[in-house]
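Worksheet for the structure shown next.
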Amino acid sequence: YEPDTGPRVRVNQVGYLPDGPKNATVVTEATEPFAWSVASGDGTVVAEGTSTPRGVDPASGQNTHTIDFSAVTAEGTGYTLTADGETSYPFTIGDVYDRLRSDSLQFFYIQRSGIAIDGSLVGAEYARPAGHLGVAPNQGDIDVPCQPGVCDYRLDVRGGWYDAGDHGKYVVNGGIATYQLLSTYERVLTAPTATPGALDDGTLRVPERGNGVPDILDEARWELEFLLRMQVPAGEPLAGMAHHKIHDENWTGLPLAPEDDPELRELHPPSTAATLNLAATAAQCARLFEPYDQDLAATCLDASRTAYAAAQANPDLLADPNDGVGGGAYSDADVSDEFYWAAAELYLTTGERCFLNDLRASPHHTDDVFAPTGFSWPSTAALARLDLATVPSGLPADELDRVRQSVVDGADAYLATLAGEAYGLPIPGEPESYFWGGNGNIINNAVVLATAFDLTGDTRYRDGALQSVDYIFGRNALNHSYVTDWGTTTPQNQHSRIFGAQLDPNSPNPPSGSIAGGANANLEDPFAADLLAGCAPQFCYVDDIQSYSTNEVAINWNSALAWIASFLADQG
Ligand code: 9MR
C-alpha cells in the first residue's frame, strides 16, 4: 500500500499566523543543505534561504530537511514553498484559525443523543430524529436496565453525546471532554490574551442560541445532565457512585443512524473512575454555571460532593478491562490521578480546606504530571494541575508559584522535544508515541504549551503551541491534515455510524472540524493491520471508515481540538 503523499515539501496546509513561527519539512535524498524560496499568491518570490538537514527521522523513516520561513509575515493566500525541485500545497498567512473555534465545537451538537438534530442549524445532511429516546427500534435511553446482576433499578440516562463512531456513552471519556469544553470557556474568562466575549451566546449553531447563556456552556450542559443521570440514586447500593457506561449489548454494523439502533441498552457497573469524573466535572459546572443558572450550579455541587464521598468510600471499584462487547471498556487500573483531579476541582469551586488537604496529600500534587506523550482520559492529573495553575483560588502564593512553575517545566520539556522532531511535533519520535487517539495527546501537549504562554507571556511557548498544530494540519509524513475540511487533503471517511458516506451515499460525511484519532503504530483494527503492516509510526493511518483504531471521530479528541482552536483564534 502506497498512500498518495503529494509534494515532498510539507507545510501546515491551513496556514500560519502572520507573527507566528513558520516551519516546513522536506522529504529528500539530499544530505547537504539546499535552497528554498517562498512565493506569494501572484508568484512573486518573497523569501529565500537554505534548508537544515535533519537526517533520518525515526517517526517516519524518511530522510528530511527542515525550513524556517518565519520571516515571511505579510498576510495573503496562495503562498507556496519550493525546495529540492518540489512545491508545497498552497497555504495562507493570516488569521487562519478564527473559524476553527466554532467549527471544532459544532461537532458536539451533531453528536448529541436524545434530541433531534436541526438541519437549519447545521445543514440538512445532518438533520436526524432524536436517537435513544425510547422510540422503536431504540431500546433506550429513558428507562435503561443494568446488566444482569448489577442493579435492580432502571435509570433515565437520556441525552449526552455519542462518544465517537459508536452509540455508546461513557462517563470516563465524557468527563475529559466536558472538562475541556468548560476549560475552554474558563480560559476565555481568565487568560490575558483571550478575546473577551469570544464564546458568548450566539457563537455556535445550537438550539439554545439566544438564551442568554454562552453556547459552549449550553453544549457542555447537554453532557453534564447526562453525567448527572448516571449517578446511582440515593437508597440503592453504591448510592452516589456513577455507572461507568451505557451502551449496546452487541456491536452494530455501520453506518447506522442512532434512531435505527435496535440493540438492548444496558447500564454497566459503577466505577470509581466514572464517579470521580462526575465529581470533577460537576464541580466545574457548579462554579461556571453560578452566574447563569443557580439551580443547576447547586445540583452540580451537590452531585459532585456526593460522588466524591462515594468514591472515597469505594476507592478501588475498577471497570473491567474485558467489558468490551458492544462498547469500549475505558478501564483504568490507577485512579489516584482521578482522585487528585476531583479534589482539585472541588477545592477550586468551594475553597474548602478538606479538598485542599486531599489534593495536597495526593502524590500527584508534587509529581511531574506532564508525561512526554501527554494526558488523555486515563491520565487526568494534568487536568487538575492546569486548573490549579489558572483558575483563581486561595492557594498560598508559594504553592501557586510551584504549581505554575510545574506547568512551565512541562512546557519546557515539550519545547525540547519538538525542537528535535523533523516534523516539529511535541512527542518523542518513537513507535510508543503513536497510539490510539494520539492526535488528542499531541494537541494536549500543545495545550500545556499554550497554558505556559498564558501564565508567563513568553512567546516561545506560544510559538511551541502554534508549531505543534502544524503536524495536525498536514506537516507530517502523510502530508495529510487530520481535521475534516481544514487543509488541502483532509479526512472524509472517519469511522462513524452517523457519518457513513463512504459506505452509503444517503449518510453524511463527517462535519467540517472533525478530527481523526491519528497514526497508531499498534494497528488495532483488522483493516489497518492488514493494509498497513510494517508501517513507520507516522504512516500508520488510513482515511477509511473501517479503521477505527486510526481514523475514528471522538468527543475527547474534538474537545482537545476545540481548546487549542480557541487559543489559536485568540492569537490571530
Ligand atoms: O480512545 C480509546 C483508546 O484510548 C483505547 O486504546 C481504545 C481501545 O480500548 O478505545 C478508545 O476509545 C474508544 C471506545 O473504547 C469506544 N468508543 C470509541 C472510542 C474511540 O475509538
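Starting from 1 in every chain, residues are counted up; chains themselves are A, B, ... following the order of the C-alpha cells, and ligands are numbered from 1 as listed.
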
Can you write out as a tab-separated table which residues of chain A fall within 10 Å of ligand 1, alongside each residue's closest atom pair and its distance in Å to one decimal, counting only C-alpha atoms and all ligand atoms and ordering rows by chain and ascending residue number?
residue	atom	partner	partner_atom_place_in_ligand_line	distance
A:Tyr162	CA	ligand 1	17 (N)	8.5
A:Asp163	CA	ligand 1	17 (N)	5.7
A:Ala164	CA	ligand 1	18 (C)	4.8
A:Gly165	CA	ligand 1	18 (C)	5.9
A:Asp166	CA	ligand 1	17 (N)	5.6
A:His167	CA	ligand 1	17 (N)	7.9
A:Gly168	CA	ligand 1	17 (N)	6.5
A:Lys169	CA	ligand 1	17 (N)	8.2
A:Tyr170	CA	ligand 1	17 (N)	8.2
A:Asn173	CA	ligand 1	1 (O)	8.1
A:His247	CA	ligand 1	16 (C)	9.6
A:Pro321	CA	ligand 1	9 (O)	8.4
A:Asn322	CA	ligand 1	9 (O)	9.7
A:Gly324	CA	ligand 1	15 (O)	7.5
A:Val325	CA	ligand 1	15 (O)	9.9
A:Gly326	CA	ligand 1	16 (C)	8.8
A:Gly327	CA	ligand 1	16 (C)	5.4
A:Gly328	CA	ligand 1	15 (O)	3.1
A:Ala329	CA	ligand 1	15 (O)	5.5
A:Tyr330	CA	ligand 1	15 (O)	5.6
A:Ser331	CA	ligand 1	9 (O)	7.8
A:Ser376	CA	ligand 1	4 (O)	7.8
A:Trp377	CA	ligand 1	4 (O)	7.3
A:Pro378	CA	ligand 1	4 (O)	7.8
A:Phe435	CA	ligand 1	6 (O)	7.4
A:Trp436	CA	ligand 1	6 (O)	5.1
A:Gly437	CA	ligand 1	1 (O)	5.4
A:Gly438	CA	ligand 1	4 (O)	8.2
A:Gly440	CA	ligand 1	1 (O)	9.1
A:Asn441	CA	ligand 1	4 (O)	10.0
A:His495	CA	ligand 1	21 (O)	8.5
A:Ser496	CA	ligand 1	18 (C)	9.1
A:Ala516	CA	ligand 1	21 (O)	9.6
A:Gly517	CA	ligand 1	21 (O)	7.3
A:Asn520	CA	ligand 1	6 (O)	9.7
A:Asn522	CA	ligand 1	6 (O)	9.7
A:Glu524	CA	ligand 1	8 (C)	8.1
A:Asp525	CA	ligand 1	8 (C)	9.9
A:Ser547	CA	ligand 1	21 (O)	9.7
A:Tyr548	CA	ligand 1	21 (O)	6.0
A:Ser549	CA	ligand 1	21 (O)	6.1
A:Thr550	CA	ligand 1	21 (O)	8.2
A:Asn551	CA	ligand 1	21 (O)	8.2
A:Glu552	CA	ligand 1	21 (O)	5.7
A:Val553	CA	ligand 1	20 (C)	6.9
A:Ala554	CA	ligand 1	20 (C)	5.6
A:Ile555	CA	ligand 1	20 (C)	8.5
A:Asn556	CA	ligand 1	1 (O)	7.8
A:Trp557	CA	ligand 1	1 (O)	8.5

### Query
Near Phe108 (chain A), within 12 Å and counting only C-alpha atoms, which residues show up once chain neighbours fewer than 4 positions away are dropped, as a PyMOL selection string?
chain A and resi 102-104+112-113+117+122+160-164+174+177-178+181+204-206+215-223+510-515+553-559+561-562

Store the residues picked out above, limited to N, CA and C atoms, as a tab-separated table (two decimals), in the first residue's frame.
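Everything below was put into out-v3.tsv:
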chain	number	residue	atom	x	y	z
A	102	SER	N	-15.32	27.81	16.39
A	102	SER	CA	-16.71	27.34	16.37
A	102	SER	C	-16.86	26.02	15.61
A	103	ASP	N	-16.05	25.83	14.57
A	103	ASP	CA	-16.16	24.60	13.77
A	103	ASP	C	-15.88	23.36	14.62
A	104	SER	N	-14.84	23.44	15.44
A	104	SER	CA	-14.47	22.27	16.24
A	104	SER	C	-15.51	22.01	17.33
A	112	ARG	N	-24.97	14.84	19.50
A	112	ARG	CA	-25.90	14.73	20.63
A	112	ARG	C	-26.84	13.55	20.49
A	113	SER	N	-27.08	12.91	21.61
A	113	SER	CA	-28.10	11.87	21.74
A	113	SER	C	-29.33	12.50	22.38
A	117	ILE	N	-31.65	16.51	15.59
A	117	ILE	CA	-30.64	17.46	15.10
A	117	ILE	C	-31.30	18.32	14.01
A	122	VAL	N	-27.31	23.27	11.21
A	122	VAL	CA	-26.00	22.70	10.85
A	122	VAL	C	-25.95	22.07	9.47
A	160	GLY	N	-26.75	13.50	26.52
A	160	GLY	CA	-25.30	13.36	26.36
A	160	GLY	C	-24.89	13.30	24.90
A	161	TRP	N	-23.62	13.09	24.70
A	161	TRP	CA	-23.08	12.94	23.35
A	161	TRP	C	-22.76	11.47	23.10
A	162	TYR	N	-22.98	11.00	21.87
A	162	TYR	CA	-22.39	9.72	21.49
A	162	TYR	C	-20.89	9.89	21.55
A	163	ASP	N	-20.23	8.91	22.11
A	163	ASP	CA	-18.79	9.02	22.40
A	163	ASP	C	-17.95	9.27	21.17
A	164	ALA	N	-18.26	8.54	20.11
A	164	ALA	CA	-17.32	8.50	18.99
A	164	ALA	C	-18.07	7.95	17.78
A	174	GLY	N	-16.62	10.95	28.67
A	174	GLY	CA	-17.45	12.15	28.71
A	174	GLY	C	-16.85	13.17	29.66
A	177	ALA	N	-13.89	15.21	28.07
A	177	ALA	CA	-14.42	16.08	27.00
A	177	ALA	C	-15.18	17.26	27.60
A	178	THR	N	-15.97	16.98	28.62
A	178	THR	CA	-16.71	18.07	29.28
A	178	THR	C	-15.74	19.03	29.95
A	181	LEU	N	-14.28	21.38	27.35
A	181	LEU	CA	-15.17	22.45	26.90
A	181	LEU	C	-15.30	23.52	27.98
A	204	LEU	N	-22.33	29.76	18.55
A	204	LEU	CA	-22.45	28.41	17.98
A	204	LEU	C	-23.86	28.23	17.42
A	205	ARG	N	-23.96	27.28	16.49
A	205	ARG	CA	-25.27	26.96	15.93
A	205	ARG	C	-25.87	25.81	16.74
A	206	VAL	N	-26.38	26.16	17.89
A	206	VAL	CA	-27.05	25.19	18.78
A	206	VAL	C	-28.46	25.70	19.06
A	215	ASP	N	-22.99	29.72	24.48
A	215	ASP	CA	-23.36	28.46	23.81
A	215	ASP	C	-22.47	27.30	24.20
A	216	ILE	N	-21.21	27.56	24.47
A	216	ILE	CA	-20.32	26.46	24.84
A	216	ILE	C	-20.74	25.88	26.20
A	217	LEU	N	-21.32	26.71	27.07
A	217	LEU	CA	-21.87	26.17	28.31
A	217	LEU	C	-23.14	25.37	28.04
A	218	ASP	N	-23.96	25.85	27.12
A	218	ASP	CA	-25.15	25.07	26.74
A	218	ASP	C	-24.73	23.69	26.22
A	219	GLU	N	-23.68	23.69	25.40
A	219	GLU	CA	-23.22	22.41	24.83
A	219	GLU	C	-22.70	21.49	25.94
A	220	ALA	N	-21.88	22.04	26.83
A	220	ALA	CA	-21.36	21.23	27.94
A	220	ALA	C	-22.49	20.73	28.83
A	221	ARG	N	-23.51	21.56	29.02
A	221	ARG	CA	-24.63	21.16	29.86
A	221	ARG	C	-25.33	19.91	29.32
A	222	TRP	N	-25.37	19.81	27.99
A	222	TRP	CA	-26.02	18.63	27.41
A	222	TRP	C	-25.37	17.34	27.93
A	223	GLU	N	-24.06	17.36	28.06
A	223	GLU	CA	-23.34	16.19	28.59
A	223	GLU	C	-23.42	16.14	30.11
A	510	PRO	N	-18.39	13.17	7.69
A	510	PRO	CA	-18.11	13.85	8.95
A	510	PRO	C	-18.16	15.36	8.73
A	511	PRO	N	-18.68	16.10	9.70
A	511	PRO	CA	-18.75	17.55	9.50
A	511	PRO	C	-17.39	18.20	9.53
A	512	SER	N	-17.31	19.33	8.90
A	512	SER	CA	-16.13	20.17	8.96
A	512	SER	C	-15.72	20.36	10.43
A	513	GLY	N	-14.41	20.20	10.69
A	513	GLY	CA	-13.94	20.38	12.06
A	513	GLY	C	-13.90	19.10	12.88
A	514	SER	N	-14.05	17.92	12.23
A	514	SER	CA	-13.97	16.64	12.95
A	514	SER	C	-12.55	16.10	12.86
A	515	ILE	N	-11.91	15.88	14.00
A	515	ILE	CA	-10.53	15.38	13.98
A	515	ILE	C	-10.51	13.86	14.06
A	553	VAL	N	-13.74	9.31	14.81
A	553	VAL	CA	-14.02	10.59	15.49
A	553	VAL	C	-14.26	10.28	16.96
A	554	ALA	N	-14.04	11.24	17.83
A	554	ALA	CA	-14.35	11.03	19.26
A	554	ALA	C	-14.45	12.38	19.97
A	555	ILE	N	-15.31	12.42	20.97
A	555	ILE	CA	-15.54	13.68	21.69
A	555	ILE	C	-14.28	14.16	22.41
A	556	ASN	N	-13.45	13.23	22.89
A	556	ASN	CA	-12.28	13.68	23.66
A	556	ASN	C	-11.19	14.22	22.74
A	557	TRP	N	-11.16	13.83	21.48
A	557	TRP	CA	-10.18	14.41	20.56
A	557	TRP	C	-10.70	15.74	20.05
A	558	ASN	N	-12.00	15.82	19.79
A	558	ASN	CA	-12.53	17.11	19.33
A	558	ASN	C	-12.53	18.15	20.45
A	559	SER	N	-12.60	17.69	21.71
A	559	SER	CA	-12.53	18.67	22.81
A	559	SER	C	-11.12	19.23	22.94
A	561	LEU	N	-9.12	19.57	20.38
A	561	LEU	CA	-9.04	20.48	19.24
A	561	LEU	C	-9.74	21.80	19.55
A	562	ALA	N	-10.91	21.71	20.19
A	562	ALA	CA	-11.67	22.93	20.49
A	562	ALA	C	-10.88	23.83	21.44

#### Entry: Top pick for closest residue to Ala59 (chain A), considering A:Asp293, A:Asp398, A:Glu2, A:Glu432 and counting only C-alpha atoms
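Counting only C-alpha atoms, the residue closest to Ala59 (chain A) is A:Glu432.
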
Using only C-alpha atoms, find each residue in region 138-252 of chain A having at least one atom no more than 10 Å away from region 446-459 of chain A; report its shortest atom-to-atom pair and that distance in Å (one decimal), rows by chain then rising number, as a tab-separated table.
residue	atom	partner	partner_atom	distance
A:Arg187	CA	A:Asp454	CA	9.1
A:Thr190	CA	A:Asp454	CA	9.1
A:Ala191	CA	A:Asp454	CA	5.8
A:Pro192	CA	A:Asp454	CA	6.4
A:Thr193	CA	A:Asp454	CA	7.1
A:Ala194	CA	A:Asp454	CA	8.8

Since we have the selection now, will you write its residues out, keeping N, CA and C atoms, as a compact mmCIF listing (two decimals), in the first residue's frame?
# COMPACT_ATOMS: atom_id res chain seq x y z
N ARG A 187 -10.94 29.56 30.32
CA ARG A 187 -9.73 30.24 29.86
C ARG A 187 -10.07 31.61 29.27
N THR A 190 -10.25 34.18 31.88
CA THR A 190 -9.09 34.48 32.73
C THR A 190 -7.79 34.77 32.00
N ALA A 191 -7.59 34.22 30.80
CA ALA A 191 -6.26 34.33 30.17
C ALA A 191 -6.04 35.73 29.61
N PRO A 192 -4.82 36.26 29.80
CA PRO A 192 -4.55 37.64 29.35
C PRO A 192 -4.76 37.85 27.85
N THR A 193 -4.44 36.88 27.02
CA THR A 193 -4.56 37.12 25.57
C THR A 193 -5.89 36.64 25.01
N ALA A 194 -6.78 36.16 25.86
CA ALA A 194 -8.07 35.67 25.35
C ALA A 194 -8.91 36.84 24.86

### Query
If you count only C-alpha atoms, which residues fall within 12 Å of Pro291 (chain A), apart from same-chain ones fewer than 6 positions away, as an NGL selection string?
:A and (212-214 or 217 or 285 or 297-298)

### Task
Would you please give, as a PyMOL selection string, all residues of region 277-396 of chain A that DSSP assigns to helix (DSSP H, G or I) based on the backbone?
chain A and resi 277-289+294-313+336-350+353-361+363-365+381-390

### Message
Can you pull out the residues contacting region 19-24 of chain A? Cut-off 6 Å, using only C-alpha atoms, and skip same-chain residues under 5 positions away; I want them as a PyMOL selection string.
### Response
chain A and resi 10-11+66-70+463

Using N, CA and C atoms, can you export the residues from the last selection as a PDB file, in the first residue's frame?
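The result, written out as result.pdb:
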ATOM      1  N   ARG A  10       6.434  19.676   2.966  1.00  0.00           N
ATOM      2  CA  ARG A  10       5.293  19.521   3.869  1.00  0.00           C
ATOM      3  C   ARG A  10       5.103  20.774   4.715  1.00  0.00           C
ATOM      4  N   VAL A  11       3.919  21.368   4.582  1.00  0.00           N
ATOM      5  CA  VAL A  11       3.596  22.591   5.325  1.00  0.00           C
ATOM      6  C   VAL A  11       2.310  22.380   6.115  1.00  0.00           C
ATOM      7  N   THR A  66      14.601  20.508   7.338  1.00  0.00           N
ATOM      8  CA  THR A  66      13.577  21.456   7.767  1.00  0.00           C
ATOM      9  C   THR A  66      13.885  22.837   7.224  1.00  0.00           C
ATOM     10  N   ILE A  67      12.822  23.634   7.132  1.00  0.00           N
ATOM     11  CA  ILE A  67      12.926  25.002   6.614  1.00  0.00           C
ATOM     12  C   ILE A  67      12.164  25.912   7.575  1.00  0.00           C
ATOM     13  N   ASP A  68      12.819  27.006   7.949  1.00  0.00           N
ATOM     14  CA  ASP A  68      12.170  28.009   8.796  1.00  0.00           C
ATOM     15  C   ASP A  68      11.982  29.271   7.970  1.00  0.00           C
ATOM     16  N   PHE A  69      10.736  29.588   7.659  1.00  0.00           N
ATOM     17  CA  PHE A  69      10.478  30.816   6.879  1.00  0.00           C
ATOM     18  C   PHE A  69       9.618  31.787   7.688  1.00  0.00           C
ATOM     19  N   SER A  70       9.868  31.822   8.997  1.00  0.00           N
ATOM     20  CA  SER A  70       9.098  32.704   9.885  1.00  0.00           C
ATOM     21  C   SER A  70       9.214  34.170   9.499  1.00  0.00           C
ATOM     22  N   ASP A 463       4.758  30.062  20.474  1.00  0.00           N
ATOM     23  CA  ASP A 463       5.291  29.526  19.218  1.00  0.00           C
ATOM     24  C   ASP A 463       5.308  27.998  19.236  1.00  0.00           C
TER      25      ASP A 463
END

### Query
Residues at most 9 Å from Cys146 (chain A), counting only C-alpha atoms, excluding those fewer than 2 positions away in the same chain, as a ChimeraX atom specification?
/A:144,148-155,246,265-269

Those same residues - N, CA and C atoms - I'd like them written as a tab-separated table (two decimals), in the first residue's frame.
chain	number	residue	atom	x	y	z
A	144	VAL	N	-33.43	2.53	31.31
A	144	VAL	CA	-32.38	1.57	30.97
A	144	VAL	C	-32.08	0.64	32.14
A	148	PRO	N	-27.32	-7.86	33.81
A	148	PRO	CA	-27.80	-8.81	34.83
A	148	PRO	C	-26.89	-8.82	36.06
A	149	GLY	N	-27.53	-8.76	37.22
A	149	GLY	CA	-26.78	-8.86	38.47
A	149	GLY	C	-26.16	-7.56	38.96
A	150	VAL	N	-26.26	-6.50	38.18
A	150	VAL	CA	-25.59	-5.25	38.57
A	150	VAL	C	-26.49	-4.37	39.42
A	151	CYS	N	-27.76	-4.27	39.08
A	151	CYS	CA	-28.68	-3.47	39.91
A	151	CYS	C	-30.12	-3.91	39.61
A	152	ASP	N	-31.05	-3.45	40.46
A	152	ASP	CA	-32.46	-3.81	40.30
A	152	ASP	C	-33.29	-2.66	39.73
A	153	TYR	N	-32.69	-1.51	39.59
A	153	TYR	CA	-33.47	-0.34	39.13
A	153	TYR	C	-33.18	-0.08	37.66
A	154	ARG	N	-33.96	0.84	37.12
A	154	ARG	CA	-33.70	1.35	35.77
A	154	ARG	C	-33.45	2.85	35.89
A	155	LEU	N	-32.68	3.38	34.98
A	155	LEU	CA	-32.40	4.81	35.02
A	155	LEU	C	-32.76	5.48	33.70
A	246	ILE	N	-23.01	3.30	29.52
A	246	ILE	CA	-24.23	2.70	28.97
A	246	ILE	C	-24.02	2.53	27.48
A	265	ARG	N	-29.95	-1.66	25.39
A	265	ARG	CA	-29.00	-0.75	26.05
A	265	ARG	C	-28.93	-1.16	27.52
A	266	GLU	N	-27.74	-1.14	28.07
A	266	GLU	CA	-27.57	-1.57	29.47
A	266	GLU	C	-26.62	-0.66	30.22
A	267	LEU	N	-26.93	-0.50	31.52
A	267	LEU	CA	-26.01	0.18	32.42
A	267	LEU	C	-24.97	-0.82	32.88
A	268	HIS	N	-23.73	-0.42	32.83
A	268	HIS	CA	-22.64	-1.27	33.32
A	268	HIS	C	-22.30	-0.85	34.75
A	269	PRO	N	-21.57	-1.68	35.48
A	269	PRO	CA	-21.38	-1.41	36.91
A	269	PRO	C	-20.78	-0.04	37.19

### Task
Might you pull out every residue within 12 Å of Asp401 (chain A), with only C-alpha atoms counted and same-chain residues fewer than 6 positions away left off, and present them as a VMD selection string?
chain A and resid 385 388 to 390 395 407 to 409 455 to 456

Mind writing the picked residues with C-alpha atoms as a PDB file, in the first residue's frame?
ATOM      1  CA  ARG A 385      -2.641  20.854  37.619  1.00  0.00           C
ATOM      2  CA  LEU A 388      -4.867  24.818  39.824  1.00  0.00           C
ATOM      3  CA  ALA A 389      -2.402  26.946  37.846  1.00  0.00           C
ATOM      4  CA  THR A 390      -5.005  29.087  36.075  1.00  0.00           C
ATOM      5  CA  LEU A 395      -3.807  28.723  47.115  1.00  0.00           C
ATOM      6  CA  VAL A 407       3.354  23.795  34.002  1.00  0.00           C
ATOM      7  CA  VAL A 408       6.239  25.866  32.663  1.00  0.00           C
ATOM      8  CA  ASP A 409       8.653  22.985  33.302  1.00  0.00           C
ATOM      9  CA  LEU A 455       0.949  32.153  32.565  1.00  0.00           C
ATOM     10  CA  THR A 456       4.232  33.757  31.511  1.00  0.00           C
TER      11      THR A 456
END

### Task
Can you work out which one of A:Pro315, A:Thr5, A:Glu259, A:Ala30 has the shortest atom-to-atom distance to Leu133 (chain A), counting only C-alpha atoms?
A:Glu259

Residues near region 472-476 of chain A, cut-off 7 Å, only C-alpha atoms, skip fewer than 2 positions along chain, as a short mmCIF file (atom, residue, chain, number, x, y, z; two decimals) with N, CA and C atoms, in the first residue's frame:
data_model
loop_
_atom_site.label_atom_id
_atom_site.label_comp_id
_atom_site.auth_asym_id
_atom_site.auth_seq_id
_atom_site.Cartn_x
_atom_site.Cartn_y
_atom_site.Cartn_z
N ARG A 10 6.43 19.68 2.97
CA ARG A 10 5.29 19.52 3.87
C ARG A 10 5.10 20.77 4.71
N VAL A 11 3.92 21.37 4.58
CA VAL A 11 3.60 22.59 5.32
C VAL A 11 2.31 22.38 6.11
N ASN A 12 2.00 23.33 6.96
CA ASN A 12 0.67 23.40 7.56
C ASN A 12 -0.27 23.83 6.45
N GLN A 13 -1.14 22.93 6.03
CA GLN A 13 -1.99 23.21 4.86
C GLN A 13 -3.02 24.30 5.12
N VAL A 14 -3.34 24.52 6.38
CA VAL A 14 -4.27 25.60 6.72
C VAL A 14 -3.55 26.93 6.63
N ALA A 24 8.58 24.09 7.88
CA ALA A 24 8.19 23.07 6.92
C ALA A 24 9.21 21.95 6.97
N THR A 25 8.83 20.80 6.43
CA THR A 25 9.72 19.64 6.37
C THR A 25 9.77 19.16 4.93
N TYR A 423 9.38 16.65 12.09
CA TYR A 423 8.07 17.23 11.77
C TYR A 423 7.59 18.18 12.87
N VAL A 469 0.67 22.35 16.24
CA VAL A 469 -0.51 22.03 15.44
C VAL A 469 -0.20 21.96 13.94
N ASP A 470 0.98 22.43 13.53
CA ASP A 470 1.36 22.24 12.12
C ASP A 470 1.27 20.75 11.75
N LEU A 478 2.52 11.87 6.06
CA LEU A 478 1.48 11.57 5.09
C LEU A 478 1.04 12.79 4.29
N ASN A 479 1.51 13.98 4.69
CA ASN A 479 1.06 15.21 4.04
C ASN A 479 -0.47 15.28 4.07
N HIS A 480 -1.01 15.00 5.24
CA HIS A 480 -2.45 14.87 5.42
C HIS A 480 -2.88 15.66 6.64
N SER A 481 -3.82 16.56 6.46
CA SER A 481 -4.41 17.22 7.62
C SER A 481 -5.38 16.25 8.28
N TYR A 482 -5.44 16.26 9.62
CA TYR A 482 -6.30 15.32 10.34
C TYR A 482 -7.66 15.91 10.71
N VAL A 483 -7.95 17.12 10.22
CA VAL A 483 -9.21 17.77 10.57
C VAL A 483 -10.04 17.99 9.30
N GLY A 487 -7.67 22.07 5.35
CA GLY A 487 -6.44 21.76 4.65
C GLY A 487 -6.74 21.29 3.24
#

### Message
Under the rule that only C-alpha atoms are counted, which of A:Asn444, A:Thr64, A:Thr366, A:Thr252 is the nearest residue to Ala411 (chain A)?
### Response
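Closest to Ala411 (chain A), using only C-alpha atoms: A:Asn444.
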
### Task
Extract the full set of strand (DSSP E or B) residues from region 234-386 of chain A according to DSSP on the backbone, and format it as an MDAnalysis selection string.
chainID A and resid 242:243 245:248 265:267 270:271 376 379

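Distances from A:Leu17, A:Leu317, A:Ala310, A:Ile142 to His244 (chain A) were compared using only C-alpha atoms, and the smallest one belongs to A:Leu317.
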
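Distances to Val542 (chain A) were evaluated for A:Asp530, A:Asp200, A:Glu352, A:Glu249 using only C-alpha atoms, and the minimum falls at A:Asp530.
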
### Query
Looking at A:Phe339, A:Trp251, A:Tyr434, A:Tyr1, which one is nearest to Thr380 (chain A), with distances taken over only C-alpha atoms?
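Answer, going by the shortest atom-to-atom distance: A:Phe339.
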